>>> print(open('model.json').read())   # JSON, C-alpha atoms
[["chain", "number", "residue", "atom", "x", "y", "z"],
["A", 1, "ARG", "CA", -26.73, 64.28, -61.98],
["A", 2, "ILE", "CA", -28.85, 67.22, -60.97],
["A", 3, "TRP", "CA", -29.87, 65.74, -57.66],
["A", 4, "VAL", "CA", -28.25, 64.26, -54.66],
["A", 5, "LEU", "CA", -30.76, 63.09, -52.14],
["A", 6, "SER", "CA", -28.70, 62.50, -49.04],
["A", 7, "ARG", "CA", -25.91, 60.48, -47.53],
["A", 8, "SER", "CA", -28.24, 57.49, -47.37],
["A", 9, "ALA", "CA", -29.17, 57.98, -51.04],
["A", 10, "ARG", "CA", -25.49, 57.99, -51.99],
["A", 11, "GLN", "CA", -25.02, 54.85, -49.93],
["A", 12, "LEU", "CA", -28.02, 53.26, -51.65],
["A", 13, "SER", "CA", -26.65, 54.22, -55.07],
["A", 14, "ALA", "CA", -23.22, 52.86, -54.18],
["A", 15, "ALA", "CA", -24.74, 49.65, -52.90],
["A", 16, "MET", "CA", -26.82, 49.42, -56.07],
["A", 17, "ALA", "CA", -23.69, 49.78, -58.14],
["A", 18, "ALA", "CA", -22.20, 46.95, -56.10],
["A", 19, "GLY", "CA", -25.32, 44.93, -56.87],
["A", 20, "ALA", "CA", -26.89, 44.63, -53.41],
["A", 21, "ALA", "CA", -28.63, 47.86, -52.44],
["A", 22, "THR", "CA", -32.01, 46.50, -51.58],
["A", 23, "PRO", "CA", -33.69, 43.15, -51.98],
["A", 24, "ALA", "CA", -35.53, 44.61, -54.99],
["A", 25, "ALA", "CA", -32.28, 45.75, -56.58],
["A", 26, "ALA", "CA", -30.57, 42.46, -55.73],
["A", 27, "MET", "CA", -33.47, 40.55, -57.24],
["A", 28, "LEU", "CA", -33.24, 42.59, -60.45],
["A", 29, "ALA", "CA", -29.47, 42.36, -60.62],
["A", 30, "SER", "CA", -29.42, 38.61, -60.09],
["A", 31, "ALA", "CA", -32.18, 38.07, -62.63],
["A", 32, "SER", "CA", -30.39, 40.07, -65.29],
["A", 33, "GLY", "CA", -26.76, 39.53, -64.38],
["A", 34, "ASN", "CA", -26.46, 43.33, -64.43],
["A", 35, "GLY", "CA", -26.06, 45.68, -61.45],
["A", 36, "ASP", "CA", -28.08, 48.54, -63.01],
["A", 37, "ALA", "CA", -31.31, 48.10, -61.04],
["A", 38, "ARG", "CA", -32.74, 51.49, -62.05],
["A", 39, "GLY", "CA", -32.27, 50.68, -65.72],
["A", 40, "GLN", "CA", -33.89, 47.29, -65.24],
["A", 41, "VAL", "CA", -36.88, 48.85, -63.48],
["A", 42, "LEU", "CA", -37.29, 51.33, -66.33],
["A", 43, "LEU", "CA", -37.18, 48.50, -68.88],
["A", 44, "ILE", "CA", -39.79, 46.52, -66.95],
["A", 45, "LEU", "CA", -42.02, 49.61, -66.65],
["A", 46, "ARG", "CA", -41.80, 50.28, -70.39],
["A", 47, "ALA", "CA", -42.62, 46.62, -71.11],
["A", 48, "ALA", "CA", -45.61, 46.83, -68.74],
["A", 49, "ALA", "CA", -46.92, 49.78, -70.75],
["A", 50, "SER", "CA", -46.44, 47.99, -74.06],
["A", 51, "ALA", "CA", -49.35, 47.23, -76.35],
["A", 52, "ASP", "CA", -47.81, 43.80, -76.98],
["A", 53, "ALA", "CA", -49.35, 41.33, -74.52],
["A", 54, "GLN", "CA", -46.31, 39.03, -74.75],
["A", 55, "MET", "CA", -44.22, 41.80, -73.23],
["A", 56, "ARG", "CA", -46.87, 43.34, -70.97],
["A", 57, "VAL", "CA", -48.07, 40.26, -69.04],
["A", 58, "PRO", "CA", -44.63, 39.06, -67.84],
["A", 59, "ALA", "CA", -43.67, 42.64, -66.98],
["A", 60, "HIS", "CA", -46.81, 43.03, -64.86],
["A", 61, "ARG", "CA", -45.97, 39.81, -63.04],
["A", 62, "GLN", "CA", -42.43, 40.99, -62.42],
["A", 63, "LEU", "CA", -43.66, 44.34, -61.09],
["A", 64, "GLN", "CA", -46.04, 42.58, -58.71],
["A", 65, "GLU", "CA", -43.13, 40.50, -57.37],
["A", 66, "LEU", "CA", -40.92, 43.56, -56.98],
["A", 67, "GLU", "CA", -43.64, 45.61, -55.32],
["A", 68, "ALA", "CA", -43.43, 43.53, -52.16],
["A", 69, "GLN", "CA", -39.63, 43.83, -51.98],
["A", 70, "PRO", "CA", -38.15, 46.29, -49.47],
["A", 71, "GLY", "CA", -36.64, 49.32, -51.15],
["A", 72, "PHE", "CA", -38.73, 49.18, -54.30],
["A", 73, "ALA", "CA", -40.39, 52.57, -53.72],
["A", 74, "SER", "CA", -36.96, 54.18, -53.26],
["A", 75, "LEU", "CA", -35.70, 52.46, -56.38],
["A", 76, "LEU", "CA", -38.67, 53.87, -58.32],
["A", 77, "LEU", "CA", -37.98, 57.37, -56.99],
["A", 78, "GLU", "CA", -34.36, 57.06, -58.08],
["A", 79, "ALA", "CA", -35.47, 55.91, -61.53],
["A", 80, "TYR", "CA", -37.81, 58.91, -61.70],
["A", 81, "ALA", "CA", -35.02, 61.32, -60.71],
["A", 82, "ASP", "CA", -32.54, 59.85, -63.20],
["A", 83, "ALA", "CA", -31.98, 62.63, -65.75],
["A", 84, "ASN", "CA", -30.58, 60.10, -68.24],
["A", 85, "ALA", "CA", -33.77, 58.01, -68.30],
["A", 86, "ASP", "CA", -36.28, 58.49, -71.07],
["A", 87, "PRO", "CA", -39.33, 60.64, -70.20],
["A", 88, "GLN", "CA", -41.84, 57.78, -70.47],
["A", 89, "GLY", "CA", -39.79, 55.65, -68.08],
["A", 90, "ARG", "CA", -39.57, 58.51, -65.58],
["A", 91, "LEU", "CA", -43.32, 59.05, -65.75],
["A", 92, "LEU", "CA", -44.04, 55.36, -65.29],
["A", 93, "ALA", "CA", -41.62, 55.19, -62.35],
["A", 94, "VAL", "CA", -43.34, 57.99, -60.44],
["A", 95, "LEU", "CA", -46.81, 56.56, -61.20],
["A", 96, "MET", "CA", -45.75, 53.10, -60.05],
["A", 97, "CYS", "CA", -44.27, 54.63, -56.90],
["A", 98, "LYS", "CA", -47.68, 56.18, -56.15],
["A", 99, "ASN", "CA", -49.27, 52.74, -56.46],
["A", 100, "VAL", "CA", -46.59, 51.07, -54.31],
["A", 101, "VAL", "CA", -47.06, 53.68, -51.58],
["A", 102, "ASP", "CA", -50.81, 53.21, -51.76],
["A", 103, "ARG", "CA", -50.57, 49.43, -51.42],
["A", 104, "CYS", "CA", -47.55, 48.99, -49.15],
["A", 105, "TRP", "CA", -47.35, 52.03, -46.86],
["A", 106, "GLN", "CA", -49.57, 50.47, -44.24],
["A", 107, "PRO", "CA", -49.50, 46.69, -44.36],
["A", 108, "ARG", "CA", -52.76, 44.91, -44.97],
["A", 109, "THR", "CA", -51.21, 41.56, -44.05],
["A", 110, "ALA", "CA", -48.20, 40.71, -41.92],
["A", 111, "GLY", "CA", -44.88, 41.19, -43.70],
["A", 112, "GLN", "CA", -46.35, 42.97, -46.74],
["A", 113, "GLY", "CA", -45.75, 46.62, -45.80],
["A", 114, "MET", "CA", -42.83, 49.00, -45.66],
["A", 115, "ASP", "CA", -40.84, 49.16, -42.45],
["A", 116, "ASP", "CA", -40.34, 52.42, -40.55],
["A", 117, "GLU", "CA", -36.88, 53.05, -41.98],
["A", 118, "GLU", "CA", -38.06, 52.64, -45.56],
["A", 119, "ARG", "CA", -41.02, 54.95, -44.93],
["A", 120, "ARG", "CA", -38.73, 57.56, -43.39],
["A", 121, "TYR", "CA", -36.31, 57.34, -46.31],
["A", 122, "THR", "CA", -39.13, 57.51, -48.87],
["A", 123, "LYS", "CA", -40.60, 60.61, -47.21],
["A", 124, "GLU", "CA", -37.16, 62.23, -47.20],
["A", 125, "CYS", "CA", -36.66, 61.44, -50.88],
["A", 126, "VAL", "CA", -40.11, 62.69, -51.87],
["A", 127, "LEU", "CA", -39.58, 66.01, -50.10],
["A", 128, "LYS", "CA", -36.22, 66.53, -51.79],
["A", 129, "LEU", "CA", -37.63, 65.59, -55.16],
["A", 130, "VAL", "CA", -40.61, 67.93, -54.70],
["A", 131, "THR", "CA", -38.16, 70.71, -53.82],
["A", 132, "LEU", "CA", -36.33, 70.06, -57.11],
["A", 133, "ALA", "CA", -39.55, 69.70, -59.11],
["A", 134, "VAL", "CA", -40.88, 73.01, -57.79],
["A", 135, "THR", "CA", -37.78, 74.73, -59.17],
["A", 136, "GLY", "CA", -38.34, 73.09, -62.56],
["A", 137, "ALA", "CA", -35.40, 70.70, -62.27],
["A", 138, "LEU", "CA", -37.62, 67.59, -62.52],
["A", 139, "PRO", "CA", -40.62, 66.85, -64.73],
["A", 140, "TYR", "CA", -44.03, 65.50, -63.76],
["A", 141, "LEU", "CA", -44.66, 67.64, -60.69],
["A", 142, "VAL", "CA", -48.35, 66.76, -60.54],
["A", 143, "GLU", "CA", -47.60, 63.02, -60.58],
["A", 144, "LEU", "CA", -44.97, 63.47, -57.88],
["A", 145, "THR", "CA", -47.43, 65.41, -55.75],
["A", 146, "LEU", "CA", -49.78, 62.43, -56.04],
["A", 147, "VAL", "CA", -47.10, 60.33, -54.33],
["A", 148, "LEU", "CA", -46.85, 63.05, -51.70],
["A", 149, "ARG", "CA", -50.62, 63.04, -51.31],
["A", 150, "ARG", "CA", -50.71, 59.26, -50.75],
["A", 151, "ILE", "CA", -48.08, 59.53, -48.02],
["A", 152, "CYS", "CA", -49.97, 62.45, -46.44],
["A", 153, "ARG", "CA", -53.09, 60.33, -46.26],
["A", 154, "PHE", "CA", -51.27, 57.99, -43.88],
["A", 155, "ASP", "CA", -48.68, 60.12, -42.05],
["A", 156, "PHE", "CA", -49.52, 63.82, -42.18],
["A", 157, "PRO", "CA", -49.52, 65.74, -39.86],
["A", 158, "LYS", "CA", -48.76, 63.46, -36.89],
["A", 159, "GLN", "CA", -45.83, 61.52, -38.33],
["A", 160, "TRP", "CA", -44.40, 64.00, -40.82],
["A", 161, "ASP", "CA", -43.44, 67.34, -39.31],
["A", 162, "GLU", "CA", -40.89, 67.93, -42.06],
["A", 163, "LEU", "CA", -43.67, 68.39, -44.60],
["A", 164, "ALA", "CA", -45.28, 71.13, -42.53],
["A", 165, "HIS", "CA", -41.90, 72.87, -42.24],
["A", 166, "PHE", "CA", -41.41, 72.56, -46.01],
["A", 167, "ILE", "CA", -44.84, 74.01, -46.78],
["A", 168, "LEU", "CA", -44.45, 76.88, -44.31],
["A", 169, "GLY", "CA", -40.98, 77.66, -45.67],
["A", 170, "GLU", "CA", -42.27, 77.76, -49.24],
["A", 171, "LEU", "CA", -45.20, 80.00, -48.23],
["A", 172, "ARG", "CA", -42.81, 82.38, -46.45],
["A", 173, "ARG", "CA", -40.62, 82.45, -49.53],
["A", 174, "LEU", "CA", -43.67, 83.29, -51.68],
["A", 175, "ARG", "CA", -44.63, 86.11, -49.33],
["A", 176, "ASP", "CA", -41.11, 87.53, -49.18],
["A", 177, "THR", "CA", -40.40, 87.48, -52.93],
["A", 178, "GLY", "CA", -43.44, 89.56, -53.76],
["A", 179, "GLY", "CA", -43.52, 88.30, -57.36],
["A", 180, "PHE", "CA", -45.21, 85.33, -58.89],
["A", 181, "ASP", "CA", -43.52, 82.96, -61.31],
["A", 182, "GLU", "CA", -43.75, 79.32, -62.43],
["A", 183, "GLY", "CA", -41.99, 78.08, -59.30],
["A", 184, "ASP", "CA", -44.58, 79.84, -57.18],
["A", 185, "LEU", "CA", -47.36, 78.23, -59.19],
["A", 186, "ALA", "CA", -45.71, 74.85, -58.61],
["A", 187, "VAL", "CA", -45.83, 75.47, -54.85],
["A", 188, "ILE", "CA", -49.56, 76.17, -55.17],
["A", 189, "VAL", "CA", -50.00, 72.87, -57.05],
["A", 190, "VAL", "CA", -48.21, 71.03, -54.23],
["A", 191, "LEU", "CA", -50.40, 72.74, -51.63],
["A", 192, "HIS", "CA", -53.52, 71.89, -53.58],
["A", 193, "HIS", "CA", -52.65, 68.19, -53.63],
["A", 194, "VAL", "CA", -51.53, 68.04, -50.01],
["A", 195, "LEU", "CA", -54.44, 69.95, -48.53]]
>>> encode(input="model.json", output="structure tokens")
Amino acid sequence: RIWVLSRSARQLSAAMAAGAATPAAAMLASASGNGDARGQVLLILRAAASADAQMRVPAHRQLQELEAQPGFASLLLEAYADANADPQGRLLAVLMCKNVVDRCWQPRTAGQGMDDEERRYTKECVLKLVTLAVTGALPYLVELTLVLRRICRFDFPKQWDELAHFILGELRRLRDTGGFDEGDLAVIVVLHHVL
């Protein structure tokens, strides 16, 4: 793996391997009899993008059920960051994560939103993934910055100081290096979407 998010990410991955990381992962694992929740999410996402209505409609229903489950956004981010996943699945995972953040970040009805811990963990994951994507280690930087933008709409700057520190650090790095390369352009793309 080219990424390790944090101690909590390793714990989540270990719990997923045991079959009970999050309610979303547990729901997937119990439905399939398989503990690979990321793989199941990628299969469902590919089915949801299928031209075949017999595959697409049930997959859409399954995604709607999973969307309300705690931990689903984190599971999507892990699926996106999985270097072994196919490119279409990774793209669909990050796009679905954007939609989940948009719909679930701030609850519209009681019990439908993300709790504070899940929001904190998701923000932490997104920042680490953006850091990797800026270096070229992950694809779909623009789509990932759309997830970042959705979170910013709700939490930045009052509830997300870490993002300001990240942006300032990247700008200092740009100033100090004196050159301009693809990584620097990626930082500009992130800034464009955040600001």
>>> residues_around(input="model.json", residues="A:Gln88", least_positions_apart="5", cutoff="9 Å", atoms="all atoms listed in the file", output="PyMOL selection string")
chain A and resi 42+46+93
>>> residues_around(input="model.json", residues="A:Val134", least_positions_apart="3", cutoff="9 Å", atoms="all atoms listed in the file", output="list in words")
Leu129, Val130, Thr131, Ala137, Leu138, Leu141, Glu182, Gly183, Asp184, Leu185, Ala186, Val187 and Val190 of chain A
>>> residues_around(input="model.json", residues="stretch 76-80 of chain A", least_positions_apart="6", cutoff="10 Å", atoms="only C-alpha atoms", output="PDB file with C-alpha atoms, keeping the file's coordinate frame")
ATOM      1  CA  TRP A   3     -29.870  65.740 -57.660  1.00  0.00           C
ATOM      2  CA  LEU A   5     -30.760  63.090 -52.140  1.00  0.00           C
ATOM      3  CA  ALA A   9     -29.170  57.980 -51.040  1.00  0.00           C
ATOM      4  CA  LEU A  12     -28.020  53.260 -51.650  1.00  0.00           C
ATOM      5  CA  SER A  13     -26.650  54.220 -55.070  1.00  0.00           C
ATOM      6  CA  ALA A  37     -31.310  48.100 -61.040  1.00  0.00           C
ATOM      7  CA  ARG A  38     -32.740  51.490 -62.050  1.00  0.00           C
ATOM      8  CA  GLY A  39     -32.270  50.680 -65.720  1.00  0.00           C
ATOM      9  CA  GLN A  40     -33.890  47.290 -65.240  1.00  0.00           C
ATOM     10  CA  VAL A  41     -36.880  48.850 -63.480  1.00  0.00           C
ATOM     11  CA  LEU A  42     -37.290  51.330 -66.330  1.00  0.00           C
ATOM     12  CA  LEU A  45     -42.020  49.610 -66.650  1.00  0.00           C
ATOM     13  CA  ASP A  86     -36.280  58.490 -71.070  1.00  0.00           C
ATOM     14  CA  PRO A  87     -39.330  60.640 -70.200  1.00  0.00           C
ATOM     15  CA  GLN A  88     -41.840  57.780 -70.470  1.00  0.00           C
ATOM     16  CA  GLY A  89     -39.790  55.650 -68.080  1.00  0.00           C
ATOM     17  CA  ARG A  90     -39.570  58.510 -65.580  1.00  0.00           C
ATOM     18  CA  LEU A  91     -43.320  59.050 -65.750  1.00  0.00           C
ATOM     19  CA  LEU A  92     -44.040  55.360 -65.290  1.00  0.00           C
ATOM     20  CA  ALA A  93     -41.620  55.190 -62.350  1.00  0.00           C
ATOM     21  CA  VAL A  94     -43.340  57.990 -60.440  1.00  0.00           C
ATOM     22  CA  LEU A  95     -46.810  56.560 -61.200  1.00  0.00           C
ATOM     23  CA  MET A  96     -45.750  53.100 -60.050  1.00  0.00           C
ATOM     24  CA  CYS A  97     -44.270  54.630 -56.900  1.00  0.00           C
ATOM     25  CA  LYS A  98     -47.680  56.180 -56.150  1.00  0.00           C
ATOM     26  CA  VAL A 100     -46.590  51.070 -54.310  1.00  0.00           C
ATOM     27  CA  THR A 122     -39.130  57.510 -48.870  1.00  0.00           C
ATOM     28  CA  CYS A 125     -36.660  61.440 -50.880  1.00  0.00           C
ATOM     29  CA  VAL A 126     -40.110  62.690 -51.870  1.00  0.00           C
ATOM     30  CA  LEU A 129     -37.630  65.590 -55.160  1.00  0.00           C
ATOM     31  CA  LEU A 138     -37.620  67.590 -62.520  1.00  0.00           C
ATOM     32  CA  PRO A 139     -40.620  66.850 -64.730  1.00  0.00           C
ATOM     33  CA  TYR A 140     -44.030  65.500 -63.760  1.00  0.00           C
ATOM     34  CA  LEU A 144     -44.970  63.470 -57.880  1.00  0.00           C
ATOM     35  CA  VAL A 147     -47.100  60.330 -54.330  1.00  0.00           C
TER      36      VAL A 147
END
>>> atom_distance(input="model.json", atom1="atom CA of A:Thr145", atom2="atom CA of A:Ile188")
11.0 Å
>>> closest_residue(input="model.json", among="A:Gly179, A:Val194, A:Ile44, A:Asp161", to="A:Leu66", atoms="all atoms listed in the file")
A:Ile44
>>> axis_aligned_box(input="model.json", around="stretch 136-141 of chain A", padding_each_side="6 Å", output="lines of an AutoDock Vina configuration file")
center_x = -40.0
center_y = 69.3
center_z = -62.7
size_x = 21.3
size_y = 19.6
size_z = 16.0
>>> atom_distance(input="model.json", atom1="atom CA of A:Val189", atom2="atom CA of A:Glu162")
18.2 Å
>>> atom_distance(input="model.json", atom1="atom CA of A:Glu118", atom2="atom CA of A:Gly71")
6.7 Å
>>> residues_around(input="model.json", residues="A:Arg108", least_positions_apart="6", cutoff="12 Å", atoms="only C-alpha atoms", output="VMD selection string")
chain A and resid 68 102 114
>>> residues_near_point(input="model.json", point="(-47.4, 47.5, -43.1)", cutoff="12 Å", atoms="all atoms listed in the file", output="PyMOL selection string")
chain A and resi 68+70+100-119+154
>>> closest_residue(input="model.json", among="A:Ala49, A:Arg120, A:Leu43, A:Phe166", to="A:Ser74", atoms="all atoms listed in the file")
A:Arg120
>>> closest_residue(input="model.json", among="A:Leu63, A:Leu75, A:Tyr121, A:Gln159", to="A:Asp36", atoms="only C-alpha atoms")
A:Leu75
>>> decode(input="model.json", residues="stretch 117-143 of chain A", atoms="N, CA, C and O atoms", output="tab-separated table (two decimals), in the first residue's frame")
chain	number	residue	atom	x	y	z
A	117	GLU	N	-17.21	12.35	15.65
A	117	GLU	CA	-16.03	11.50	15.49
A	117	GLU	C	-15.84	11.10	14.02
A	117	GLU	O	-14.73	11.11	13.50
A	118	GLU	N	-16.93	10.74	13.37
A	118	GLU	CA	-16.82	10.37	11.96
A	118	GLU	C	-16.42	11.56	11.10
A	118	GLU	O	-15.62	11.42	10.18
A	119	ARG	N	-16.95	12.73	11.41
A	119	ARG	CA	-16.56	13.94	10.66
A	119	ARG	C	-15.08	14.24	10.87
A	119	ARG	O	-14.36	14.56	9.92
A	120	ARG	N	-14.61	14.12	12.11
A	120	ARG	CA	-13.20	14.37	12.40
A	120	ARG	C	-12.32	13.38	11.63
A	120	ARG	O	-11.33	13.77	11.00
A	121	TYR	N	-12.69	12.12	11.67
A	121	TYR	CA	-11.90	11.10	10.98
A	121	TYR	C	-11.92	11.32	9.47
A	121	TYR	O	-10.89	11.18	8.80
A	122	THR	N	-13.06	11.68	8.92
A	122	THR	CA	-13.17	11.92	7.48
A	122	THR	C	-12.30	13.11	7.07
A	122	THR	O	-11.59	13.05	6.06
A	123	LYS	N	-12.32	14.18	7.87
A	123	LYS	CA	-11.47	15.33	7.55
A	123	LYS	C	-10.00	14.95	7.59
A	123	LYS	O	-9.21	15.36	6.73
A	124	GLU	N	-9.62	14.16	8.58
A	124	GLU	CA	-8.24	13.71	8.71
A	124	GLU	C	-7.84	12.88	7.48
A	124	GLU	O	-6.77	13.08	6.89
A	125	CYS	N	-8.70	11.98	7.08
A	125	CYS	CA	-8.42	11.13	5.91
A	125	CYS	C	-8.30	11.96	4.64
A	125	CYS	O	-7.38	11.76	3.84
A	126	VAL	N	-9.23	12.90	4.46
A	126	VAL	CA	-9.21	13.72	3.25
A	126	VAL	C	-7.92	14.52	3.16
A	126	VAL	O	-7.30	14.59	2.10
A	127	LEU	N	-7.50	15.11	4.28
A	127	LEU	CA	-6.24	15.88	4.25
A	127	LEU	C	-5.06	15.00	3.89
A	127	LEU	O	-4.20	15.39	3.10
A	128	LYS	N	-4.99	13.81	4.45
A	128	LYS	CA	-3.88	12.92	4.14
A	128	LYS	C	-3.93	12.44	2.70
A	128	LYS	O	-2.89	12.35	2.04
A	129	LEU	N	-5.13	12.20	2.20
A	129	LEU	CA	-5.26	11.78	0.81
A	129	LEU	C	-4.92	12.92	-0.14
A	129	LEU	O	-4.30	12.69	-1.19
A	130	VAL	N	-5.31	14.15	0.20
A	130	VAL	CA	-4.96	15.30	-0.64
A	130	VAL	C	-3.44	15.47	-0.65
A	130	VAL	O	-2.85	15.75	-1.70
A	131	THR	N	-2.80	15.28	0.48
A	131	THR	CA	-1.35	15.38	0.55
A	131	THR	C	-0.71	14.37	-0.41
A	131	THR	O	0.23	14.70	-1.13
A	132	LEU	N	-1.23	13.14	-0.42
A	132	LEU	CA	-0.70	12.13	-1.34
A	132	LEU	C	-1.04	12.46	-2.79
A	132	LEU	O	-0.20	12.29	-3.68
A	133	ALA	N	-2.24	12.94	-3.04
A	133	ALA	CA	-2.65	13.24	-4.41
A	133	ALA	C	-1.85	14.39	-4.99
A	133	ALA	O	-1.54	14.40	-6.18
A	134	VAL	N	-1.50	15.37	-4.16
A	134	VAL	CA	-0.69	16.50	-4.62
A	134	VAL	C	0.68	16.03	-5.09
A	134	VAL	O	1.25	16.57	-6.04
A	135	THR	N	1.21	15.00	-4.45
A	135	THR	CA	2.51	14.47	-4.85
A	135	THR	C	2.42	13.54	-6.06
A	135	THR	O	3.44	13.08	-6.56
A	136	GLY	N	1.20	13.25	-6.51
A	136	GLY	CA	1.02	12.37	-7.66
A	136	GLY	C	0.83	10.92	-7.28
A	136	GLY	O	0.74	10.06	-8.16
A	137	ALA	N	0.76	10.61	-5.99
A	137	ALA	CA	0.63	9.22	-5.55
A	137	ALA	C	-0.79	8.68	-5.71
A	137	ALA	O	-0.98	7.47	-5.70
A	138	LEU	N	-1.78	9.55	-5.86
A	138	LEU	CA	-3.17	9.13	-6.03
A	138	LEU	C	-3.77	9.84	-7.24
A	138	LEU	O	-3.47	11.01	-7.49
A	139	PRO	N	-4.66	9.16	-7.95
A	139	PRO	CA	-5.31	9.80	-9.10
A	139	PRO	C	-6.51	10.64	-8.67
A	139	PRO	O	-6.89	10.65	-7.49
A	140	TYR	N	-7.10	11.32	-9.62
A	140	TYR	CA	-8.36	12.04	-9.44
A	140	TYR	C	-8.29	13.14	-8.39
A	140	TYR	O	-9.15	13.26	-7.53
A	141	LEU	N	-7.26	13.96	-8.49
A	141	LEU	CA	-7.09	15.07	-7.56
A	141	LEU	C	-8.27	16.02	-7.58
A	141	LEU	O	-8.76	16.44	-6.53
A	142	VAL	N	-8.75	16.37	-8.75
A	142	VAL	CA	-9.86	17.32	-8.85
A	142	VAL	C	-11.09	16.77	-8.14
A	142	VAL	O	-11.76	17.49	-7.39
A	143	GLU	N	-11.40	15.50	-8.33
A	143	GLU	CA	-12.56	14.91	-7.69
A	143	GLU	C	-12.38	14.87	-6.16
A	143	GLU	O	-13.33	15.11	-5.41
